[in-house]
Each structure stands twice: as structure tokens, then as C-alpha cells.
Amino acid sequence: MGLLSRLRDRRARRGVPALEIDSPGLAVVVEAFDVAEADSAALARSPRWRPDEPAVLRHHLELPSDQVERARELLAPDGWELRHDGRWHALRVQRLDALHCAQERARMASLAQRLGGDWIGWDALQVTRG
């Protein structure tokens, strides 16, 4: 059982619904679209991000149409979902920290480049309160 599955099970046992990519009430809590800015700085400047709660990490990508299925195949084994909303997005629920954001940024940039596309940036969404 993976870490994400254990986290979902633990939250479900406490009566807190597990976060899903399509959970109602999601709002952007941190954005990182400046390639020169460290992911740790993006997280640190966000007053709305709650580091103790999972978030939907969303990478914004430009992908050639003939490479979309290949991207989907490469991302799916690690729990990423690829969606199109005017631009391609790779989405996954996870806890955010600077190290994992940086690792995933590098992975997404490499993937996009290999497939002839471009990595634009990332943002993260959490359920709003109140």
C-alpha cells in the first residue's frame, strides 16, 4: 500500500473526506510560474497554503497533440492524471514540500521537453475554508 493510499485511509477513518482532484471548494493556494524562483520561495510566499494538508499539484504543460497519449502513459503509473482545459495539466493529490515540488518540476519539464513541448509552471489547490 502506497503512502497516498495510507493517507487517504487515515483521513477517511477520521471522518474527513479524502482530497480528490475534483473535490468541491478547491482554490489555488500557491503558484510557481517563474522558472528563476525556487519552489521553496513560492511555498514560503503563500499565506493560504496549509503545509499539513494534502493539495492537488497541477503542472501546466504545452504538449504536441501527437504526444498526448505518450505523456499520459508515462505519467499514469505514478498517479498523475492528464487533462486538457485550454492547456494540458498533469494533476495529482499529494503533500507539498519544497523538495517534492522541485523534483516534480524537473520531471515535468524533462517530460515536456522530450515530447517536444514545454513546461509552463505549477500551482497547487486546496479546499478553501469558511
# chains A, B, ... in the order shown; residues from 1 in each chain; ligands from 1
$ residues_around --residues "Ala102 (chain A)" --least-positions-apart "5" --cutoff "10 Å" --atoms "only C-alpha atoms" --output "VMD selection string"
chain A and resid 38 to 40 97 107 to 108
$ atom_distance --atom1 "CA of Leu74 (chain A)" --atom2 "CA of Ile21 (chain A)"
18.8 Å
$ select_by_dssp --residues "region 5-125 of chain A" --states "alpha helix (DSSP H)" --output "PyMOL selection string"
chain A and resi 5-13+39-44+68-75+98-114
$ write_last_selection --atoms "C-alpha atoms" --output "PDB file, in the first residue's frame"
ATOM      1  CA  SER A   5      -3.379   5.263  -0.036  1.00  0.00           C
ATOM      2  CA  ARG A   6      -2.455   5.167   3.655  1.00  0.00           C
ATOM      3  CA  LEU A   7      -3.077   8.892   3.956  1.00  0.00           C
ATOM      4  CA  ARG A   8      -6.494   8.601   2.322  1.00  0.00           C
ATOM      5  CA  ASP A   9      -7.421   5.653   4.551  1.00  0.00           C
ATOM      6  CA  ARG A  10      -6.335   7.508   7.695  1.00  0.00           C
ATOM      7  CA  ARG A  11      -8.323  10.632   6.778  1.00  0.00           C
ATOM      8  CA  ALA A  12     -11.383   8.535   5.859  1.00  0.00           C
ATOM      9  CA  ARG A  13     -11.260   6.795   9.237  1.00  0.00           C
ATOM     10  CA  ASP A  39       9.908  26.169  -5.254  1.00  0.00           C
ATOM     11  CA  SER A  40      10.692  26.773  -1.592  1.00  0.00           C
ATOM     12  CA  ALA A  41      10.298  30.519  -2.180  1.00  0.00           C
ATOM     13  CA  ALA A  42       6.957  30.019  -3.924  1.00  0.00           C
ATOM     14  CA  LEU A  43       5.688  27.970  -0.989  1.00  0.00           C
ATOM     15  CA  ALA A  44       7.072  30.429   1.564  1.00  0.00           C
ATOM     16  CA  VAL A  68      -0.514  13.420 -25.505  1.00  0.00           C
ATOM     17  CA  GLU A  69      -1.147   9.687 -25.230  1.00  0.00           C
ATOM     18  CA  ARG A  70       2.560   9.038 -24.688  1.00  0.00           C
ATOM     19  CA  ALA A  71       2.600  11.641 -21.911  1.00  0.00           C
ATOM     20  CA  ARG A  72      -0.460  10.018 -20.348  1.00  0.00           C
ATOM     21  CA  GLU A  73       1.251   6.609 -20.447  1.00  0.00           C
ATOM     22  CA  LEU A  74       4.377   7.961 -18.791  1.00  0.00           C
ATOM     23  CA  LEU A  75       2.513   9.835 -16.054  1.00  0.00           C
ATOM     24  CA  ALA A  98       9.944  22.213  -1.474  1.00  0.00           C
ATOM     25  CA  LEU A  99      11.872  19.035  -2.258  1.00  0.00           C
ATOM     26  CA  HIS A 100       8.963  17.181  -3.870  1.00  0.00           C
ATOM     27  CA  CYS A 101       7.807  20.273  -5.770  1.00  0.00           C
ATOM     28  CA  ALA A 102      11.313  20.718  -7.188  1.00  0.00           C
ATOM     29  CA  GLN A 103      11.589  17.041  -8.104  1.00  0.00           C
ATOM     30  CA  GLU A 104       8.230  17.066  -9.866  1.00  0.00           C
ATOM     31  CA  ARG A 105       9.028  20.348 -11.631  1.00  0.00           C
ATOM     32  CA  ALA A 106      12.217  18.811 -13.028  1.00  0.00           C
ATOM     33  CA  ARG A 107      10.359  15.676 -14.047  1.00  0.00           C
ATOM     34  CA  MET A 108       7.573  17.585 -15.815  1.00  0.00           C
ATOM     35  CA  ALA A 109       9.995  19.929 -17.582  1.00  0.00           C
ATOM     36  CA  SER A 110      12.030  16.946 -18.794  1.00  0.00           C
ATOM     37  CA  LEU A 111       8.929  15.063 -19.920  1.00  0.00           C
ATOM     38  CA  ALA A 112       7.580  18.047 -21.848  1.00  0.00           C
ATOM     39  CA  GLN A 113      10.934  18.685 -23.499  1.00  0.00           C
ATOM     40  CA  ARG A 114      11.372  15.023 -24.517  1.00  0.00           C
TER      41      ARG A 114
END
$ residues_around --residues "Gly117 (chain A)" --least-positions-apart "6" --cutoff "9 Å" --atoms "only C-alpha atoms" --output "ChimeraX atom specification"
/A:61-64,67,109,111
$ closest_residue --among "A:Arg58, A:Arg92, A:Arg48, A:Arg129" --to "Leu19 (chain A)" --atoms "only C-alpha atoms"
A:Arg92
$ select_by_dssp --residues "chain A" --states "strand (DSSP E or B)" --output "PDB file with C-alpha atoms, in the first residue's frame"
ATOM      1  CA  LEU A  26     -10.651  23.727  -4.432  1.00  0.00           C
ATOM      2  CA  ALA A  27      -8.830  27.028  -4.891  1.00  0.00           C
ATOM      3  CA  VAL A  28      -5.294  27.928  -5.911  1.00  0.00           C
ATOM      4  CA  VAL A  29      -3.177  28.498  -2.785  1.00  0.00           C
ATOM      5  CA  VAL A  30       0.289  28.771  -4.343  1.00  0.00           C
ATOM      6  CA  GLU A  31       1.622  29.476  -7.840  1.00  0.00           C
ATOM      7  CA  ALA A  32       5.062  28.977  -9.360  1.00  0.00           C
ATOM      8  CA  ALA A  55      -3.091  19.513  -2.109  1.00  0.00           C
ATOM      9  CA  VAL A  56      -3.748  18.995  -5.786  1.00  0.00           C
ATOM     10  CA  LEU A  57      -0.448  19.704  -7.504  1.00  0.00           C
ATOM     11  CA  ARG A  58      -1.125  20.905 -11.052  1.00  0.00           C
ATOM     12  CA  HIS A  59       1.611  21.282 -13.663  1.00  0.00           C
ATOM     13  CA  HIS A  60       0.802  23.386 -16.724  1.00  0.00           C
ATOM     14  CA  LEU A  61       2.200  21.921 -19.941  1.00  0.00           C
ATOM     15  CA  GLU A  62       2.224  22.551 -23.659  1.00  0.00           C
ATOM     16  CA  GLU A  81      -3.848  12.421 -14.436  1.00  0.00           C
ATOM     17  CA  LEU A  82      -3.506  14.373 -17.667  1.00  0.00           C
ATOM     18  CA  ARG A  83      -6.342  16.763 -18.529  1.00  0.00           C
ATOM     19  CA  HIS A  84      -6.953  19.479 -21.085  1.00  0.00           C
ATOM     20  CA  TRP A  88      -2.609  20.462 -20.707  1.00  0.00           C
ATOM     21  CA  HIS A  89      -2.418  19.852 -16.965  1.00  0.00           C
ATOM     22  CA  ALA A  90      -0.823  16.991 -15.068  1.00  0.00           C
ATOM     23  CA  LEU A  91      -2.602  16.643 -11.714  1.00  0.00           C
ATOM     24  CA  ARG A  92      -2.044  14.572  -8.604  1.00  0.00           C
ATOM     25  CA  VAL A  93      -3.016  14.753  -4.946  1.00  0.00           C
ATOM     26  CA  GLN A  94      -0.030  14.909  -2.609  1.00  0.00           C
ATOM     27  CA  ASP A 118       7.171  22.934 -22.824  1.00  0.00           C
ATOM     28  CA  TRP A 119       6.643  23.140 -19.079  1.00  0.00           C
ATOM     29  CA  ILE A 120       4.903  26.405 -18.139  1.00  0.00           C
ATOM     30  CA  GLY A 121       4.722  26.247 -14.347  1.00  0.00           C
ATOM     31  CA  TRP A 122       2.799  24.735 -11.474  1.00  0.00           C
ATOM     32  CA  ASP A 123       0.199  25.680  -8.956  1.00  0.00           C
ATOM     33  CA  ALA A 124      -1.426  23.910  -6.052  1.00  0.00           C
ATOM     34  CA  LEU A 125      -5.012  23.796  -4.930  1.00  0.00           C
ATOM     35  CA  GLN A 126      -6.505  23.086  -1.534  1.00  0.00           C
ATOM     36  CA  VAL A 127     -10.067  23.163  -0.286  1.00  0.00           C
TER      37      VAL A 127
END
$ atom_distance --atom1 "CA of Ser23 (chain A)" --atom2 "CA of Glu53 (chain A)"
13.8 Å
